[in-house]
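Novice: Pasting in a structure now, in structure tokens, and then I'll have a few things to ask.
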Amino acid sequence: MKNIKNIIILCGVLLSKNIYAVGGVELLTNVSVGSIGNPAMQTSISAESVFYNPAAISFLDNGEYLYLGAYGVDIDYKMRLDNIYLRTTSSQIIPSFSYVIKNNRQSYYLGFGMSGQGGKLKIDNNIPFLENTKATIAHGGINFGTSYLVNEKLSISIGGKGNYSKVEFKGDIGNQHIKNTEESKSITFETGIFYQPTEKLNFSGKYLHKTKQDYGGELAGLISLGTSYKITERDQLNLGYNIILEENDYSNSYEYAISLKRQVTPKLNISLGYMYSDRGHNNDDVYTFTELSSHQVGVGGEYSIKENILLGFGVGVIDYKSKSTNLFNSDIGSTRSEKILGLSLKVQL
């Protein structure tokens, strides 16, 4: 009798608006390949800055810049309700792209990347009669806007972000095919400021507004702060802090990042980074699975193939804190981990 109750609870989750609970790739606020080894990307000055603080592109040399990147994610994600479980180990490829034009004081940018949950998943389970279960969780975004160099030390950016979200679950229960799909399109506002008081020191700030979704709820907003300091001619320390402005039903989440970047040779730089994501009281809602605190460790770098071409790489691990609680006199819990490998190409056109 208890198993029947647990099956009803799990199926209720999958068929509700919270079907994103089945998992996916939790990207945190890391969109591009560079963030694997350097999760404190706020003060990065490159085509990847489009995703972290577009105001930084004003400090590039005049010209056109292209970034192409993708990383593969090997995931292991399990939700358990007593002896009933859902599990996915579907590997994912997460792409990202940006294009920047810098012309004296004025710069323009365009970028595409995934945020939050993401993935096309096959779900294994031991629920009787539930077969061929698959889920799609996608939150894609297009960043666009302009940045203006106020003076040699200060720049500001203003722009927007177009969002497309889709969450879908489908499967077979006996001879009955079930499918639950929710989609949303939206646009929101973002702005940034970048300050470089000396050649060694940078400060960064960005604000991204929350976005209402057509099927209810909101995509989170963001306040992102960062600083970097060039310790020596070859070494740079980066610090980052993100406040994730969650929808009203949740408390805000926080990310703390640190990385060290070293110029090993004139052609090669290496970064080693760590980030802690604190989901706060949201951890209490274990059954939503998207609110687990985590530790990320990664190493990455860039190699100059030619004067205007950089090959980027990164490898990392995101380890999530396991969580369990009691729900309707049943023990419910979730575990997840992700291994990441990324490659990118940056070209000054």
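Identifiers in the structure tokens: chain A, B, ... in order shown; residue index from 1 per chain; ligand index from 1 in order shown.
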What are the nearest atom pairs, with distances in Å to one decimal, for all residues of segment 77-176 of chain A that come at most 12 Å from segment 41-46 of chain A, using only C-alpha atoms, set out by chain and rising residue number as a tab-separated table?

Specialist:
```
residue	atom	partner	partner_atom	distance
A:Ser98	CA	A:Ser46	CA	10.1
A:Tyr99	CA	A:Ser46	CA	10.3
A:Val100	CA	A:Ser46	CA	9.0
A:Ile101	CA	A:Ser46	CA	11.4
A:Lys102	CA	A:Ser46	CA	11.1
A:Tyr109	CA	A:Ser46	CA	11.3
```

Novice: For the selection just defined, write its residues with N, CA and C atoms to a file, as a PDB file, in the first residue's frame.

Specialist:
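Okay, out00.pdb is ready:
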```
ATOM      1  N   SER A  98      29.220  33.914 -28.737  1.00  0.00           N
ATOM      2  CA  SER A  98      29.109  35.372 -28.604  1.00  0.00           C
ATOM      3  C   SER A  98      29.858  36.069 -29.736  1.00  0.00           C
ATOM      4  N   TYR A  99      29.408  37.289 -30.013  1.00  0.00           N
ATOM      5  CA  TYR A  99      30.011  38.119 -31.053  1.00  0.00           C
ATOM      6  C   TYR A  99      30.064  39.553 -30.531  1.00  0.00           C
ATOM      7  N   VAL A 100      31.239  40.188 -30.655  1.00  0.00           N
ATOM      8  CA  VAL A 100      31.457  41.530 -30.106  1.00  0.00           C
ATOM      9  C   VAL A 100      32.076  42.429 -31.167  1.00  0.00           C
ATOM     10  N   ILE A 101      31.598  43.664 -31.228  1.00  0.00           N
ATOM     11  CA  ILE A 101      32.218  44.706 -32.054  1.00  0.00           C
ATOM     12  C   ILE A 101      32.663  45.830 -31.140  1.00  0.00           C
ATOM     13  N   LYS A 102      33.946  46.173 -31.171  1.00  0.00           N
ATOM     14  CA  LYS A 102      34.474  47.293 -30.392  1.00  0.00           C
ATOM     15  C   LYS A 102      34.944  48.377 -31.369  1.00  0.00           C
ATOM     16  N   TYR A 109      27.252  43.894 -28.527  1.00  0.00           N
ATOM     17  CA  TYR A 109      27.441  42.472 -28.247  1.00  0.00           C
ATOM     18  C   TYR A 109      26.177  41.668 -28.509  1.00  0.00           C
TER      19      TYR A 109
END
```

Novice: Hey, what's within 7 Å of Ile84 of chain A if we count only C-alpha atoms and toss same-chain stuff fewer than 3 positions away? As a count of residues only, please?

Specialist: 4

Novice: Counting only C-alpha atoms, figure out which residue out of A:Leu272, A:Ile244, A:Ile309, A:Leu121 gets nearest to Phe169 of chain A.

Specialist: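 Among the listed residues, the smallest separation from Phe169 of chain A belongs to A:Leu121.
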
Novice: Select from segment 75-294 of chain A everything DSSP, run on the backbone, classes as strand (DSSP E or B), then give the selection as a PyMOL selection string.

Specialist: chain A and resi 75-81+84-88+92-103+106-114+119-122+124-125+130-151+154-173+176-195+201-208+211-212+218-219+221-230+235-245+253-265+268-278+294

Novice: Just the residues within 6 Å of segment 133-135 of chain A, please, counting only C-alpha atoms, with nothing from its chain fewer than 6 positions along; format it as a PyMOL selection string.

Specialist: chain A and resi 120-123+168-171

Novice: Per DSSP on the backbone, filter segment 6-230 of chain A down to the residues in helix (DSSP H, G or I) and report them as a count of residues only.

Specialist: 30

Novice: Which is closest to Lys321 of chain A among A:Gln348, A:Ser204, A:Ser293, A:Gln213, if we use only C-alpha atoms?

Specialist: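 Among the listed residues, A:Ser293 lies closest to Lys321 of chain A.
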
Novice: Just checking: using only C-alpha atoms, which residue out of A:Ile36, A:Ala220, A:Leu292, A:Ile57 ends up closest to Leu154 of chain A?

Specialist: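 That would be A:Ile57, the residue with the smallest distance to Leu154 of chain A.
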
Novice: With only C-alpha atoms as the counted atoms, please give the residues lying no more than 7 Å from Tyr207 of chain A, apart from itself and same-chain residues fewer than 2 positions off, as a ChimeraX atom specification.

Specialist: /A:190-192,209,222-224

Novice: Taking 5 positions as the minimum chain separation for residues in the same chain, which residues sit within 8 Å of segment 225-233 of chain A when counting only C-alpha atoms? Answer as a PDB file with N, CA and C atoms, in the first residue's frame.

Specialist:
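The file below, selection_33.pdb, is the result:
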```pdb
ATOM      1  N   ALA A  40      34.970  32.714 -11.298  1.00  0.00           N
ATOM      2  CA  ALA A  40      34.892  34.145 -10.985  1.00  0.00           C
ATOM      3  C   ALA A  40      35.178  34.940 -12.258  1.00  0.00           C
ATOM      4  N   MET A  41      34.256  34.839 -13.218  1.00  0.00           N
ATOM      5  CA  MET A  41      34.461  35.423 -14.548  1.00  0.00           C
ATOM      6  C   MET A  41      34.033  36.890 -14.638  1.00  0.00           C
ATOM      7  N   GLN A  42      33.559  37.472 -13.559  1.00  0.00           N
ATOM      8  CA  GLN A  42      32.980  38.818 -13.626  1.00  0.00           C
ATOM      9  C   GLN A  42      33.936  39.860 -14.191  1.00  0.00           C
ATOM     10  N   THR A  43      35.231  39.726 -13.932  1.00  0.00           N
ATOM     11  CA  THR A  43      36.189  40.735 -14.406  1.00  0.00           C
ATOM     12  C   THR A  43      36.977  40.271 -15.626  1.00  0.00           C
ATOM     13  N   LYS A 200      46.430  46.943 -12.507  1.00  0.00           N
ATOM     14  CA  LYS A 200      46.414  45.683 -11.773  1.00  0.00           C
ATOM     15  C   LYS A 200      45.056  45.325 -11.185  1.00  0.00           C
ATOM     16  N   LEU A 201      44.157  46.294 -11.058  1.00  0.00           N
ATOM     17  CA  LEU A 201      42.936  46.098 -10.280  1.00  0.00           C
ATOM     18  C   LEU A 201      41.681  46.362 -11.117  1.00  0.00           C
ATOM     19  N   ASN A 202      40.708  45.440 -11.030  1.00  0.00           N
ATOM     20  CA  ASN A 202      39.427  45.582 -11.730  1.00  0.00           C
ATOM     21  C   ASN A 202      38.264  45.372 -10.765  1.00  0.00           C
ATOM     22  N   PHE A 203      37.167  46.090 -11.004  1.00  0.00           N
ATOM     23  CA  PHE A 203      35.922  45.896 -10.270  1.00  0.00           C
ATOM     24  C   PHE A 203      34.780  45.751 -11.270  1.00  0.00           C
ATOM     25  N   SER A 204      33.823  44.878 -10.938  1.00  0.00           N
ATOM     26  CA  SER A 204      32.725  44.600 -11.863  1.00  0.00           C
ATOM     27  C   SER A 204      31.402  44.496 -11.120  1.00  0.00           C
ATOM     28  N   GLY A 205      30.326  44.997 -11.749  1.00  0.00           N
ATOM     29  CA  GLY A 205      28.987  44.855 -11.201  1.00  0.00           C
ATOM     30  C   GLY A 205      27.971  44.702 -12.313  1.00  0.00           C
ATOM     31  N   LYS A 206      27.018  43.792 -12.141  1.00  0.00           N
ATOM     32  CA  LYS A 206      25.989  43.554 -13.151  1.00  0.00           C
ATOM     33  C   LYS A 206      24.664  43.254 -12.468  1.00  0.00           C
ATOM     34  N   ASN A 238      41.218  36.222  -8.830  1.00  0.00           N
ATOM     35  CA  ASN A 238      39.866  36.640  -9.173  1.00  0.00           C
ATOM     36  C   ASN A 238      38.890  36.227  -8.075  1.00  0.00           C
ATOM     37  N   LEU A 239      37.984  37.130  -7.718  1.00  0.00           N
ATOM     38  CA  LEU A 239      36.959  36.860  -6.718  1.00  0.00           C
ATOM     39  C   LEU A 239      35.593  37.213  -7.299  1.00  0.00           C
ATOM     40  N   GLY A 240      34.583  36.380  -7.022  1.00  0.00           N
ATOM     41  CA  GLY A 240      33.247  36.638  -7.534  1.00  0.00           C
ATOM     42  C   GLY A 240      32.182  36.345  -6.497  1.00  0.00           C
ATOM     43  N   TYR A 241      31.093  37.102  -6.572  1.00  0.00           N
ATOM     44  CA  TYR A 241      29.973  36.926  -5.636  1.00  0.00           C
ATOM     45  C   TYR A 241      28.673  37.175  -6.396  1.00  0.00           C
ATOM     46  N   ASN A 242      27.784  36.188  -6.380  1.00  0.00           N
ATOM     47  CA  ASN A 242      26.499  36.303  -7.064  1.00  0.00           C
ATOM     48  C   ASN A 242      25.341  36.168  -6.089  1.00  0.00           C
TER      49      ASN A 242
END
```

Novice: Within 6 Å of segment 335-338 of chain A, which residues of segment 35-151 of chain A come that close, and what is the closest atom pair and distance in Å for each? Count only C-alpha atoms and give it as JSON lines.

Specialist:
```
{"residue": "A:Asp74", "atom": "CA", "partner": "A:Glu338", "partner_atom": "CA", "distance": 5.6}
{"residue": "A:Ile75", "atom": "CA", "partner": "A:Glu338", "partner_atom": "CA", "distance": 4.5}
{"residue": "A:Asp76", "atom": "CA", "partner": "A:Ser337", "partner_atom": "CA", "distance": 5.5}
{"residue": "A:Tyr77", "atom": "CA", "partner": "A:Arg336", "partner_atom": "CA", "distance": 4.2}
{"residue": "A:Lys78", "atom": "CA", "partner": "A:Thr335", "partner_atom": "CA", "distance": 5.4}
```

Novice: Please produce a file of those selected residues containing C-alpha atoms, as a PDB file, in the first residue's frame.

Specialist:
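Below is the file part.pdb, written as the result:
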```pdb
ATOM      1  CA  ASP A  74      28.451  13.545 -17.580  1.00  0.00           C
ATOM      2  CA  ILE A  75      25.687  13.514 -14.975  1.00  0.00           C
ATOM      3  CA  ASP A  76      24.504  11.108 -12.297  1.00  0.00           C
ATOM      4  CA  TYR A  77      21.298  12.236 -10.694  1.00  0.00           C
ATOM      5  CA  LYS A  78      18.924  10.220  -8.526  1.00  0.00           C
TER       6      LYS A  78
END
```

Novice: Counting only C-alpha atoms, what is within 6 Å of Gly37 of chain A, bar same-chain residues fewer than 3 positions away, as a list in words?

Specialist: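 My list of contacting residues is Ser271, Leu272, Gly273, Gly298, Val299, Gly300 and Gly314 of chain A.
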